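Content type mmCIF, C-alpha atoms, pLDDT in the B column; chains and numbers go by the auth columns, from the file structure.cif:
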data_entry
loop_
_atom_site.group_PDB
_atom_site.id
_atom_site.type_symbol
_atom_site.label_atom_id
_atom_site.label_comp_id
_atom_site.label_asym_id
_atom_site.label_seq_id
_atom_site.Cartn_x
_atom_site.Cartn_y
_atom_site.Cartn_z
_atom_site.B_iso_or_equiv
_atom_site.auth_seq_id
_atom_site.auth_asym_id
ATOM 1 C CA SER A 1 9.301 -15.188 -43.451 83.00 110 Y
ATOM 2 C CA ALA A 2 10.937 -12.607 -45.706 87.00 111 Y
ATOM 3 C CA ALA A 3 8.496 -9.924 -44.572 87.00 112 Y
ATOM 4 C CA SER A 4 9.287 -10.487 -40.905 90.00 113 Y
ATOM 5 C CA ASP A 5 13.026 -10.421 -41.695 92.00 114 Y
ATOM 6 C CA VAL A 6 12.610 -7.024 -43.360 95.00 115 Y
ATOM 7 C CA TYR A 7 10.545 -5.822 -40.388 95.00 116 Y
ATOM 8 C CA LYS A 8 13.172 -7.038 -37.898 96.00 117 Y
ATOM 9 C CA ARG A 9 15.993 -5.425 -39.870 96.00 118 Y
ATOM 10 C CA GLN A 10 14.084 -2.125 -40.054 97.00 119 Y
ATOM 11 C CA LEU A 11 13.198 -2.262 -36.359 98.00 120 Y
ATOM 12 C CA ASN A 12 16.819 -2.947 -35.434 98.00 121 Y
ATOM 13 C CA GLU A 13 18.015 -0.110 -37.675 98.00 122 Y
ATOM 14 C CA ASN A 14 15.524 2.324 -36.104 98.00 123 Y
ATOM 15 C CA ALA A 15 16.608 1.305 -32.608 98.00 124 Y
ATOM 16 C CA VAL A 16 20.334 1.510 -33.453 98.00 125 Y
ATOM 17 C CA ASN A 17 19.770 4.984 -34.941 98.00 126 Y
ATOM 18 C CA ALA A 18 18.009 6.098 -31.752 98.00 127 Y
ATOM 19 C CA ILE A 19 20.893 4.707 -29.664 98.00 128 Y
ATOM 20 C CA SER A 20 23.421 6.561 -31.840 98.00 129 Y
ATOM 21 C CA ARG A 21 21.535 9.784 -31.002 98.00 130 Y
ATOM 22 C CA GLU A 22 21.595 8.744 -27.306 98.00 131 Y
ATOM 23 C CA GLU A 23 17.781 8.409 -27.408 98.00 132 Y
ATOM 24 C CA TYR A 24 17.923 5.283 -25.278 98.00 133 Y
ATOM 25 C CA ALA A 25 14.341 5.509 -24.002 98.00 134 Y
ATOM 26 C CA LYS A 26 13.065 5.699 -27.589 98.00 135 Y
ATOM 27 C CA ALA A 27 15.096 2.629 -28.578 98.00 136 Y
ATOM 28 C CA VAL A 28 13.807 0.734 -25.524 98.00 137 Y
ATOM 29 C CA GLU A 29 10.214 1.678 -26.377 98.00 138 Y
ATOM 30 C CA LEU A 30 10.561 0.608 -30.027 98.00 139 Y
ATOM 31 C CA LEU A 31 11.969 -2.786 -29.053 98.00 140 Y
ATOM 32 C CA GLU A 32 9.792 -3.461 -26.000 97.00 141 Y
ATOM 33 C CA LYS A 33 6.532 -2.871 -27.853 97.00 142 Y
ATOM 34 C CA SER A 34 7.401 -5.298 -30.656 96.00 143 Y
ATOM 35 C CA GLU A 35 6.559 -8.956 -30.065 93.00 144 Y
ATOM 36 C CA VAL A 36 9.370 -10.099 -32.398 94.00 145 Y
ATOM 37 C CA THR A 37 12.098 -8.734 -30.090 96.00 146 Y
ATOM 38 C CA ALA A 38 11.814 -11.610 -27.615 94.00 147 Y
ATOM 39 C CA ARG A 39 12.433 -14.122 -30.439 92.00 148 Y
ATOM 40 C CA SER A 40 15.441 -12.368 -31.978 95.00 149 Y
ATOM 41 C CA ALA A 41 18.946 -12.557 -30.508 95.00 150 Y
ATOM 42 C CA GLU A 42 19.939 -9.486 -32.545 95.00 151 Y
ATOM 43 C CA LEU A 43 17.011 -7.381 -31.319 97.00 152 Y
ATOM 44 C CA LEU A 44 17.521 -8.525 -27.711 97.00 153 Y
ATOM 45 C CA SER A 45 21.173 -7.556 -27.999 96.00 154 Y
ATOM 46 C CA THR A 46 20.239 -4.098 -29.299 97.00 155 Y
ATOM 47 C CA LEU A 47 17.718 -3.763 -26.462 98.00 156 Y
ATOM 48 C CA GLY A 48 20.511 -4.563 -24.024 98.00 157 Y
ATOM 49 C CA VAL A 49 22.642 -1.771 -25.471 97.00 158 Y
ATOM 50 C CA ALA A 50 19.697 0.627 -25.074 98.00 159 Y
ATOM 51 C CA TYR A 51 19.106 -0.455 -21.462 98.00 160 Y
ATOM 52 C CA ALA A 52 22.816 -0.061 -20.673 97.00 161 Y
ATOM 53 C CA GLY A 53 22.830 3.394 -22.271 97.00 162 Y
ATOM 54 C CA ALA A 54 19.875 4.332 -20.076 97.00 163 Y
ATOM 55 C CA GLY A 55 21.722 3.043 -16.996 97.00 164 Y
ATOM 56 C CA GLN A 56 19.327 0.098 -16.538 97.00 165 Y
ATOM 57 C CA TYR A 57 22.119 -2.420 -16.075 97.00 166 Y
ATOM 58 C CA ASP A 58 20.020 -5.176 -14.484 97.00 167 Y
ATOM 59 C CA LYS A 59 17.640 -5.178 -17.468 98.00 168 Y
ATOM 60 C CA ALA A 60 20.619 -5.023 -19.833 98.00 169 Y
ATOM 61 C CA GLU A 61 22.152 -8.058 -18.113 97.00 170 Y
ATOM 62 C CA ASP A 62 18.890 -9.985 -18.448 97.00 171 Y
ATOM 63 C CA VAL A 63 18.417 -9.406 -22.183 97.00 172 Y
ATOM 64 C CA PHE A 64 22.118 -9.868 -22.990 97.00 173 Y
ATOM 65 C CA ARG A 65 21.909 -13.229 -21.175 97.00 174 Y
ATOM 66 C CA ARG A 66 18.843 -14.224 -23.204 96.00 175 Y
ATOM 67 C CA ALA A 67 20.492 -13.150 -26.476 96.00 176 Y
ATOM 68 C CA SER A 68 23.683 -14.947 -25.508 96.00 177 Y
ATOM 69 C CA GLU A 69 21.741 -18.152 -24.823 95.00 178 Y
ATOM 70 C CA ALA A 70 20.145 -17.730 -28.260 92.00 179 Y
ATOM 71 C CA GLY A 71 23.611 -17.796 -29.791 91.00 180 Y
ATOM 72 C CA SER A 72 24.719 -14.161 -30.069 92.00 181 Y
ATOM 73 C CA ALA A 73 28.480 -13.821 -29.580 94.00 182 Y
ATOM 74 C CA THR A 74 28.139 -10.024 -29.415 94.00 183 Y
ATOM 75 C CA ALA A 75 25.631 -10.358 -26.587 95.00 184 Y
ATOM 76 C CA ARG A 76 27.948 -12.741 -24.734 95.00 185 Y
ATOM 77 C CA HIS A 77 30.713 -10.132 -24.912 96.00 186 Y
ATOM 78 C CA ASN A 78 28.315 -7.346 -23.843 95.00 187 Y
ATOM 79 C CA LEU A 79 27.044 -9.517 -20.990 96.00 188 Y
ATOM 80 C CA GLU A 80 30.573 -9.809 -19.581 96.00 189 Y
ATOM 81 C CA GLU A 81 31.053 -6.043 -19.906 96.00 190 Y
ATOM 82 C CA VAL A 82 27.755 -5.142 -18.241 96.00 191 Y
ATOM 83 C CA ARG A 83 28.491 -7.571 -15.387 96.00 192 Y
ATOM 84 C CA GLN A 84 31.789 -5.761 -14.788 96.00 193 Y
ATOM 85 C CA VAL A 85 29.898 -2.452 -14.673 94.00 194 Y
ATOM 86 C CA ILE A 86 27.400 -3.896 -12.183 94.00 195 Y
ATOM 87 C CA ASP A 87 30.242 -5.233 -10.016 95.00 196 Y
ATOM 88 C CA GLN A 88 31.736 -1.717 -9.873 94.00 197 Y
ATOM 89 C CA LEU A 89 28.464 0.000 -8.868 88.00 198 Y
#

What does this structure look like when you write it as structure tokens?
Amino acid sequence: SAASDVYKRQLNENAVNAISREEYAKAVELLEKSEVTARSAELLSTLGVAYAGAGQYDKAEDVFRRASEAGSATARHNLEEVRQVIDQL
């Protein structure tokens, strides 16, 4: 619905703003507590960025994979990057 699209866009914007301030835990909390995140490739991808910023690379890999399977090209790219990071740990 239009209302849920507005909500998702606002949620994503809030999370991206938190990430830009390096408030990764806040971004993770915003996205984890919303039930729409699991159904949105864009929100999952943003959650992956937040996890990666927080150093939670395994969680980042998981959500990037889910977003990638849902059709996000950005997530597919981020998935490859986070896997390289994990391989270097």

Taking the file above as input, evaluate the PyMOL selection byres ((chain Y and resi 116) around 12) and report the hits as number ranges by chain.
Y: 110-115, 117-123, 140, 143-146, 149, 152

Convert the output of the PyMOL selection byres ((chain Y and resi 174-178) around 10) on the shown file into explicit residues, formatted as a list in words.
Ala147, Arg148, Ser149, Ala150, Glu151, Leu152, Leu153, Ser154, Thr155, Leu156, Gly157, Lys168, Ala169, Glu170, Asp171, Val172, Phe173, Ala179, Gly180, Ser181, Ala182, Thr183, Ala184, Arg185, His186, Asn187, Leu188 and Glu189 of chain Y

Please produce a file of those selected residues containing C-alpha atoms, as a PDB file, in the frame of the given file.
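Output (part-v3.pdb):
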ATOM      1  CA  ALA Y 147      11.814 -11.610 -27.615  1.00 94.00           C
ATOM      2  CA  ARG Y 148      12.433 -14.122 -30.439  1.00 92.00           C
ATOM      3  CA  SER Y 149      15.441 -12.368 -31.978  1.00 95.00           C
ATOM      4  CA  ALA Y 150      18.946 -12.557 -30.508  1.00 95.00           C
ATOM      5  CA  GLU Y 151      19.939  -9.486 -32.545  1.00 95.00           C
ATOM      6  CA  LEU Y 152      17.011  -7.381 -31.319  1.00 97.00           C
ATOM      7  CA  LEU Y 153      17.521  -8.525 -27.711  1.00 97.00           C
ATOM      8  CA  SER Y 154      21.173  -7.556 -27.999  1.00 96.00           C
ATOM      9  CA  THR Y 155      20.239  -4.098 -29.299  1.00 97.00           C
ATOM     10  CA  LEU Y 156      17.718  -3.763 -26.462  1.00 98.00           C
ATOM     11  CA  GLY Y 157      20.511  -4.563 -24.024  1.00 98.00           C
ATOM     12  CA  LYS Y 168      17.640  -5.178 -17.468  1.00 98.00           C
ATOM     13  CA  ALA Y 169      20.619  -5.023 -19.833  1.00 98.00           C
ATOM     14  CA  GLU Y 170      22.152  -8.058 -18.113  1.00 97.00           C
ATOM     15  CA  ASP Y 171      18.890  -9.985 -18.448  1.00 97.00           C
ATOM     16  CA  VAL Y 172      18.417  -9.406 -22.183  1.00 97.00           C
ATOM     17  CA  PHE Y 173      22.118  -9.868 -22.990  1.00 97.00           C
ATOM     18  CA  ALA Y 179      20.145 -17.730 -28.260  1.00 92.00           C
ATOM     19  CA  GLY Y 180      23.611 -17.796 -29.791  1.00 91.00           C
ATOM     20  CA  SER Y 181      24.719 -14.161 -30.069  1.00 92.00           C
ATOM     21  CA  ALA Y 182      28.480 -13.821 -29.580  1.00 94.00           C
ATOM     22  CA  THR Y 183      28.139 -10.024 -29.415  1.00 94.00           C
ATOM     23  CA  ALA Y 184      25.631 -10.358 -26.587  1.00 95.00           C
ATOM     24  CA  ARG Y 185      27.948 -12.741 -24.734  1.00 95.00           C
ATOM     25  CA  HIS Y 186      30.713 -10.132 -24.912  1.00 96.00           C
ATOM     26  CA  ASN Y 187      28.315  -7.346 -23.843  1.00 95.00           C
ATOM     27  CA  LEU Y 188      27.044  -9.517 -20.990  1.00 96.00           C
ATOM     28  CA  GLU Y 189      30.573  -9.809 -19.581  1.00 96.00           C
TER      29      GLU Y 189
END

CA of Ala127 in chain Y to CA of Lys142 in chain Y, straight-line distance in Å
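That distance, rounded to one decimal, is 15.1 Å.
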
For Asn126 in chain Y, which residue among Y:Gln165, Y:Arg192, Y:Ala159, Y:Leu198 is the nearest when counting only C-alpha atoms?
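Result for the nearest residue to Asn126 in chain Y: Y:Ala159.
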
Show which residues sit within 9 Å of Ala163 in chain Y, as a PDB file with C-alpha atoms, in the coordinates of the input. Count only C-alpha atoms, and ignore same-chain residues fewer than 5 positions away.
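Final output, saved to out_22.pdb:
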ATOM      1  CA  GLU Y 131      21.595   8.744 -27.306  1.00 98.00           C
ATOM      2  CA  GLU Y 132      17.781   8.409 -27.408  1.00 98.00           C
ATOM      3  CA  TYR Y 133      17.923   5.283 -25.278  1.00 98.00           C
ATOM      4  CA  ALA Y 134      14.341   5.509 -24.002  1.00 98.00           C
ATOM      5  CA  VAL Y 137      13.807   0.734 -25.524  1.00 98.00           C
ATOM      6  CA  VAL Y 158      22.642  -1.771 -25.471  1.00 97.00           C
TER       7      VAL Y 158
END

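CA of Asp167 in chain Y is found 16.8 Å from CA of Ala136 in chain Y.
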